[in-house]
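Here is the structure we will look at, set down as structure tokens.
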Amino acid sequence: DGPMKSFRPDYKSAKDMAYPEKPFSPIKNSGSKRYSATKLCLLFYTYELVRQLSLENTRSITVNAFNPGLMPDTGLGGLNKMFLTKFFLKHILPIFTKEAVSNPSISGKILAELLMNDKYREMTGKYFDRDKIIPSSHESYDKMKWLALWNESVAIVGFKKKDNI
């Protein structure tokens with residue numbers, strides 16, 4: 001439920017993500033749509049990897065997705081090079097969003113605490129929004145898209161069937 005939620009992912013296929021027909025364009029929110037599509041791909045891959053591991057009866061490996069929260073100090077897209085933009089991202093934007101402002105230190109600490117917590121040690125296939133498990137987007141649960149992304153990614157990198165996991 002953050003500022004990127006209003007940008008619908010522009011996801012068609014793994015091949016389109018790797019080799020887009022149109023180059024990146026700063027108009028019409030295409031950068032934000034591509035960004036949200038990459039985050040959607042991370043969820044597809046997370047969920048499909050969990051499924052693939054379950055087919056192999058591999059229970060010693062857990063796979064989860066982690067959203068660090070709004071991170072204005074990271075310089076994503078070069079947005080915070082100007083003082084006013086940096087000030088807005090760090091102090092004003094958080095007032096108008098439900099999402100908590102974070103930074104690499106805070107998010108790293110939260111992630112480390114999750115990893116050290118016995119409660120989550122064997123949990124797999126979950127989406128952590130900072131320190132809470134929540135459902136990911138409706139679209140992220142499309143199992144056909146999980147498998148399509150997995151198979152197209154395997155083909156793009158040239159893996160053989162035996163190399164999958």
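By order in the structure tokens, chains are A, B, ...; within a chain, residues start at 1; ligands start at 1, following the order shown.
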For region 114-122 of chain A: contacts at 9 Å, only C-alpha atoms, fewer than 6 positions along chain excluded, given as a list in words: Arg59, Ser60, Ile61, Thr62 and Asp131 of chain A
Take the selection from the previous step and output its residues with all heavy atoms, as a compact mmCIF listing (two decimals), in the first residue's frame.
```
# COMPACT_ATOMS: atom_id res chain seq x y z
N ARG A 59 13.22 -29.46 1.69
CA ARG A 59 12.59 -28.72 2.78
C ARG A 59 13.60 -27.92 3.59
O ARG A 59 13.23 -27.10 4.42
CB ARG A 59 11.84 -29.67 3.69
CG ARG A 59 10.81 -30.50 2.95
CD ARG A 59 9.57 -30.71 3.79
NE ARG A 59 8.63 -31.64 3.19
CZ ARG A 59 7.81 -31.37 2.18
NH1 ARG A 59 7.87 -30.19 1.62
NH2 ARG A 59 6.97 -32.25 1.72
N SER A 60 14.87 -28.11 3.34
CA SER A 60 15.89 -27.40 4.12
C SER A 60 16.13 -25.98 3.60
O SER A 60 16.81 -25.20 4.24
CB SER A 60 17.20 -28.19 4.12
OG SER A 60 17.66 -28.34 2.80
N ILE A 61 15.56 -25.66 2.44
CA ILE A 61 15.72 -24.33 1.87
C ILE A 61 14.38 -23.61 1.96
O ILE A 61 13.36 -24.14 1.54
CB ILE A 61 16.16 -24.40 0.39
CG1 ILE A 61 17.50 -25.12 0.27
CG2 ILE A 61 16.21 -23.01 -0.22
CD1 ILE A 61 17.92 -25.40 -1.15
N THR A 62 14.40 -22.42 2.54
CA THR A 62 13.19 -21.60 2.59
C THR A 62 13.39 -20.38 1.70
O THR A 62 14.51 -19.88 1.55
CB THR A 62 12.85 -21.16 4.03
OG1 THR A 62 13.93 -20.40 4.55
CG2 THR A 62 12.58 -22.37 4.92
N ASP A 131 8.29 -6.06 8.78
CA ASP A 131 8.27 -7.12 9.79
C ASP A 131 6.94 -7.86 9.89
O ASP A 131 6.70 -8.59 10.82
CB ASP A 131 8.65 -6.56 11.16
CG ASP A 131 7.70 -5.48 11.64
OD1 ASP A 131 6.90 -4.98 10.83
OD2 ASP A 131 7.75 -5.14 12.84
```
Distance query Asn64 (chain A) at most 7 Å, only C-alpha atoms, self and fewer than 4 positions along chain excluded, as a VMD selection string: chain A and resid 46 124 to 127
May I have the residues within 9 Å of Tyr45 (chain A) as an mmCIF file with all heavy atoms, in the first residue's frame, using only C-alpha atoms and disregarding those fewer than 3 positions away in the same chain?
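Output (result_17.cif):
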```cif
data_model
loop_
_atom_site.group_PDB
_atom_site.id
_atom_site.type_symbol
_atom_site.label_atom_id
_atom_site.label_comp_id
_atom_site.auth_asym_id
_atom_site.auth_seq_id
_atom_site.Cartn_x
_atom_site.Cartn_y
_atom_site.Cartn_z
ATOM 1 N N LEU A 40 7.042 -7.433 -9.232
ATOM 2 C CA LEU A 40 6.088 -8.518 -9.466
ATOM 3 C C LEU A 40 6.829 -9.782 -9.907
ATOM 4 O O LEU A 40 6.532 -10.888 -9.442
ATOM 5 C CB LEU A 40 5.058 -8.102 -10.524
ATOM 6 C CG LEU A 40 3.980 -9.116 -10.870
ATOM 7 C CD1 LEU A 40 3.143 -9.476 -9.646
ATOM 8 C CD2 LEU A 40 3.090 -8.554 -11.988
ATOM 9 N N CYS A 41 7.832 -9.623 -10.760
ATOM 10 C CA CYS A 41 8.645 -10.772 -11.189
ATOM 11 C C CYS A 41 9.355 -11.423 -10.004
ATOM 12 O O CYS A 41 9.464 -12.650 -9.946
ATOM 13 C CB CYS A 41 9.676 -10.348 -12.235
ATOM 14 S SG CYS A 41 8.974 -9.992 -13.845
ATOM 15 N N LEU A 42 9.829 -10.621 -9.070
ATOM 16 C CA LEU A 42 10.466 -11.184 -7.874
ATOM 17 C C LEU A 42 9.485 -12.052 -7.091
ATOM 18 O O LEU A 42 9.850 -13.114 -6.584
ATOM 19 C CB LEU A 42 11.020 -10.078 -6.984
ATOM 20 C CG LEU A 42 12.263 -9.380 -7.507
ATOM 21 C CD1 LEU A 42 12.600 -8.168 -6.641
ATOM 22 C CD2 LEU A 42 13.436 -10.330 -7.564
ATOM 23 N N GLU A 48 7.381 -19.473 -7.406
ATOM 24 C CA GLU A 48 7.699 -20.633 -8.252
ATOM 25 C C GLU A 48 8.893 -21.406 -7.706
ATOM 26 O O GLU A 48 8.929 -22.634 -7.778
ATOM 27 C CB GLU A 48 7.949 -20.220 -9.702
ATOM 28 C CG GLU A 48 8.247 -21.382 -10.649
ATOM 29 C CD GLU A 48 7.158 -22.456 -10.722
ATOM 30 O OE1 GLU A 48 5.984 -22.195 -10.374
ATOM 31 O OE2 GLU A 48 7.481 -23.588 -11.145
ATOM 32 N N LEU A 49 9.882 -20.722 -7.156
ATOM 33 C CA LEU A 49 11.019 -21.414 -6.556
ATOM 34 C C LEU A 49 10.552 -22.274 -5.380
ATOM 35 O O LEU A 49 10.997 -23.417 -5.232
ATOM 36 C CB LEU A 49 12.093 -20.420 -6.106
ATOM 37 C CG LEU A 49 13.354 -21.024 -5.479
ATOM 38 C CD1 LEU A 49 14.007 -22.058 -6.397
ATOM 39 C CD2 LEU A 49 14.336 -19.917 -5.132
ATOM 40 N N VAL A 50 9.638 -21.752 -4.575
ATOM 41 C CA VAL A 50 9.073 -22.546 -3.481
ATOM 42 C C VAL A 50 8.404 -23.792 -4.050
ATOM 43 O O VAL A 50 8.582 -24.904 -3.542
ATOM 44 C CB VAL A 50 8.069 -21.709 -2.645
ATOM 45 C CG1 VAL A 50 7.271 -22.584 -1.690
ATOM 46 C CG2 VAL A 50 8.793 -20.611 -1.890
ATOM 47 N N TRP A 146 3.915 -17.629 -12.894
ATOM 48 C CA TRP A 146 5.099 -18.102 -12.177
ATOM 49 C C TRP A 146 5.894 -19.029 -13.076
ATOM 50 O O TRP A 146 7.095 -18.865 -13.267
ATOM 51 C CB TRP A 146 4.755 -18.902 -10.938
ATOM 52 C CG TRP A 146 3.935 -18.318 -9.859
ATOM 53 C CD1 TRP A 146 3.491 -17.031 -9.738
ATOM 54 C CD2 TRP A 146 3.451 -19.024 -8.724
ATOM 55 N NE1 TRP A 146 2.761 -16.902 -8.587
ATOM 56 C CE2 TRP A 146 2.718 -18.108 -7.940
ATOM 57 C CE3 TRP A 146 3.558 -20.339 -8.289
ATOM 58 C CZ2 TRP A 146 2.099 -18.479 -6.748
ATOM 59 C CZ3 TRP A 146 2.948 -20.705 -7.097
ATOM 60 C CH2 TRP A 146 2.231 -19.772 -6.336
ATOM 61 N N LEU A 147 5.182 -20.039 -13.590
ATOM 62 C CA LEU A 147 5.835 -21.071 -14.399
ATOM 63 C C LEU A 147 6.365 -20.494 -15.708
ATOM 64 O O LEU A 147 7.464 -20.844 -16.139
ATOM 65 C CB LEU A 147 4.878 -22.233 -14.658
ATOM 66 C CG LEU A 147 5.483 -23.463 -15.315
ATOM 67 C CD1 LEU A 147 6.648 -24.012 -14.497
ATOM 68 C CD2 LEU A 147 4.411 -24.534 -15.505
ATOM 69 N N LEU A 149 7.394 -17.413 -16.243
ATOM 70 C CA LEU A 149 8.603 -16.657 -15.920
ATOM 71 C C LEU A 149 9.769 -17.603 -15.672
ATOM 72 O O LEU A 149 10.876 -17.388 -16.164
ATOM 73 C CB LEU A 149 8.385 -15.770 -14.691
ATOM 74 C CG LEU A 149 9.627 -15.023 -14.204
ATOM 75 C CD1 LEU A 149 10.065 -13.971 -15.214
ATOM 76 C CD2 LEU A 149 9.391 -14.387 -12.850
ATOM 77 N N TRP A 150 9.520 -18.659 -14.917
ATOM 78 C CA TRP A 150 10.562 -19.647 -14.624
ATOM 79 C C TRP A 150 11.114 -20.243 -15.916
ATOM 80 O O TRP A 150 12.326 -20.242 -16.148
ATOM 81 C CB TRP A 150 9.981 -20.749 -13.730
ATOM 82 C CG TRP A 150 10.972 -21.773 -13.310
ATOM 83 C CD1 TRP A 150 11.335 -22.909 -13.995
ATOM 84 C CD2 TRP A 150 11.753 -21.775 -12.120
ATOM 85 N NE1 TRP A 150 12.279 -23.604 -13.294
ATOM 86 C CE2 TRP A 150 12.546 -22.933 -12.136
ATOM 87 C CE3 TRP A 150 11.840 -20.914 -11.037
ATOM 88 C CZ2 TRP A 150 13.427 -23.243 -11.108
ATOM 89 C CZ3 TRP A 150 12.715 -21.231 -10.007
ATOM 90 C CH2 TRP A 150 13.492 -22.386 -10.061
#
```
Phe44 (chain A) environment, 8 Å, only C-alpha atoms, sequence neighbours closer than 5 positions dropped, as a VMD selection string: chain A and resid 140 to 143 145 to 146 149
Export of prior selection with all heavy atoms as a CSV table (one decimal), in the first residue's frame:
```csv
chain,number,residue,atom,x,y,z
A,140,SER,N,0.1,-11.5,-8.2
A,140,SER,CA,1.3,-12.3,-7.9
A,140,SER,C,1.0,-13.7,-7.6
A,140,SER,O,1.9,-14.5,-7.6
A,140,SER,CB,2.0,-11.6,-6.7
A,140,SER,OG,1.3,-11.8,-5.5
A,141,TYR,N,-0.3,-14.1,-7.5
A,141,TYR,CA,-0.7,-15.5,-7.2
A,141,TYR,C,-1.0,-16.2,-8.5
A,141,TYR,O,-1.6,-17.3,-8.4
A,141,TYR,CB,-1.8,-15.5,-6.2
A,141,TYR,CG,-1.4,-15.0,-4.8
A,141,TYR,CD1,-1.8,-13.8,-4.4
A,141,TYR,CD2,-0.5,-15.7,-4.0
A,141,TYR,CE1,-1.4,-13.3,-3.1
A,141,TYR,CE2,-0.1,-15.3,-2.8
A,141,TYR,CZ,-0.5,-14.0,-2.4
A,141,TYR,OH,-0.1,-13.6,-1.1
A,142,ASP,N,-0.7,-15.7,-9.6
A,142,ASP,CA,-1.1,-16.4,-10.9
A,142,ASP,C,0.0,-17.4,-11.2
A,142,ASP,O,1.1,-17.1,-11.7
A,142,ASP,CB,-1.1,-15.3,-12.0
A,142,ASP,CG,-1.6,-15.9,-13.4
A,142,ASP,OD1,-1.4,-17.1,-13.6
A,142,ASP,OD2,-2.1,-15.1,-14.2
A,143,LYS,N,-0.3,-18.7,-10.9
A,143,LYS,CA,0.6,-19.8,-11.1
A,143,LYS,C,1.1,-20.0,-12.5
A,143,LYS,O,2.2,-20.4,-12.7
A,143,LYS,CB,0.0,-21.1,-10.5
A,143,LYS,CG,-0.2,-21.0,-9.0
A,143,LYS,CD,-0.8,-22.3,-8.4
A,143,LYS,CE,-1.0,-22.1,-6.9
A,143,LYS,NZ,-1.6,-23.3,-6.3
A,145,LYS,N,1.7,-17.6,-14.6
A,145,LYS,CA,2.8,-16.6,-14.8
A,145,LYS,C,4.0,-17.0,-14.1
A,145,LYS,O,5.1,-16.7,-14.5
A,145,LYS,CB,2.3,-15.2,-14.4
A,145,LYS,CG,1.3,-14.6,-15.3
A,145,LYS,CD,0.8,-13.2,-14.9
A,145,LYS,CE,-0.2,-12.7,-15.9
A,145,LYS,NZ,-0.7,-11.4,-15.5
A,146,TRP,N,3.9,-17.6,-12.9
A,146,TRP,CA,5.1,-18.1,-12.2
A,146,TRP,C,5.9,-19.0,-13.1
A,146,TRP,O,7.1,-18.9,-13.3
A,146,TRP,CB,4.8,-18.9,-10.9
A,146,TRP,CG,3.9,-18.3,-9.9
A,146,TRP,CD1,3.5,-17.0,-9.7
A,146,TRP,CD2,3.5,-19.0,-8.7
A,146,TRP,NE1,2.8,-16.9,-8.6
A,146,TRP,CE2,2.7,-18.1,-7.9
A,146,TRP,CE3,3.6,-20.3,-8.3
A,146,TRP,CZ2,2.1,-18.5,-6.7
A,146,TRP,CZ3,2.9,-20.7,-7.1
A,146,TRP,CH2,2.2,-19.8,-6.3
A,149,LEU,N,7.4,-17.4,-16.2
A,149,LEU,CA,8.6,-16.7,-15.9
A,149,LEU,C,9.8,-17.6,-15.7
A,149,LEU,O,10.9,-17.4,-16.2
A,149,LEU,CB,8.4,-15.8,-14.7
A,149,LEU,CG,9.6,-15.0,-14.2
A,149,LEU,CD1,10.1,-14.0,-15.2
A,149,LEU,CD2,9.4,-14.4,-12.9
```
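Across the structure, CA of Pro135 (chain A) and CA of Asn151 (chain A) are spaced 24.5 Å apart.
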Nearest to Val154 (chain A), chosen from A:Arg8, A:Asn67, A:Lys15, A:Phe87, with only C-alpha atoms counted in the distances: A:Lys15
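Between CA of Ala112 (chain A) and CA of Lys33 (chain A) there is a distance of 29.6 Å.
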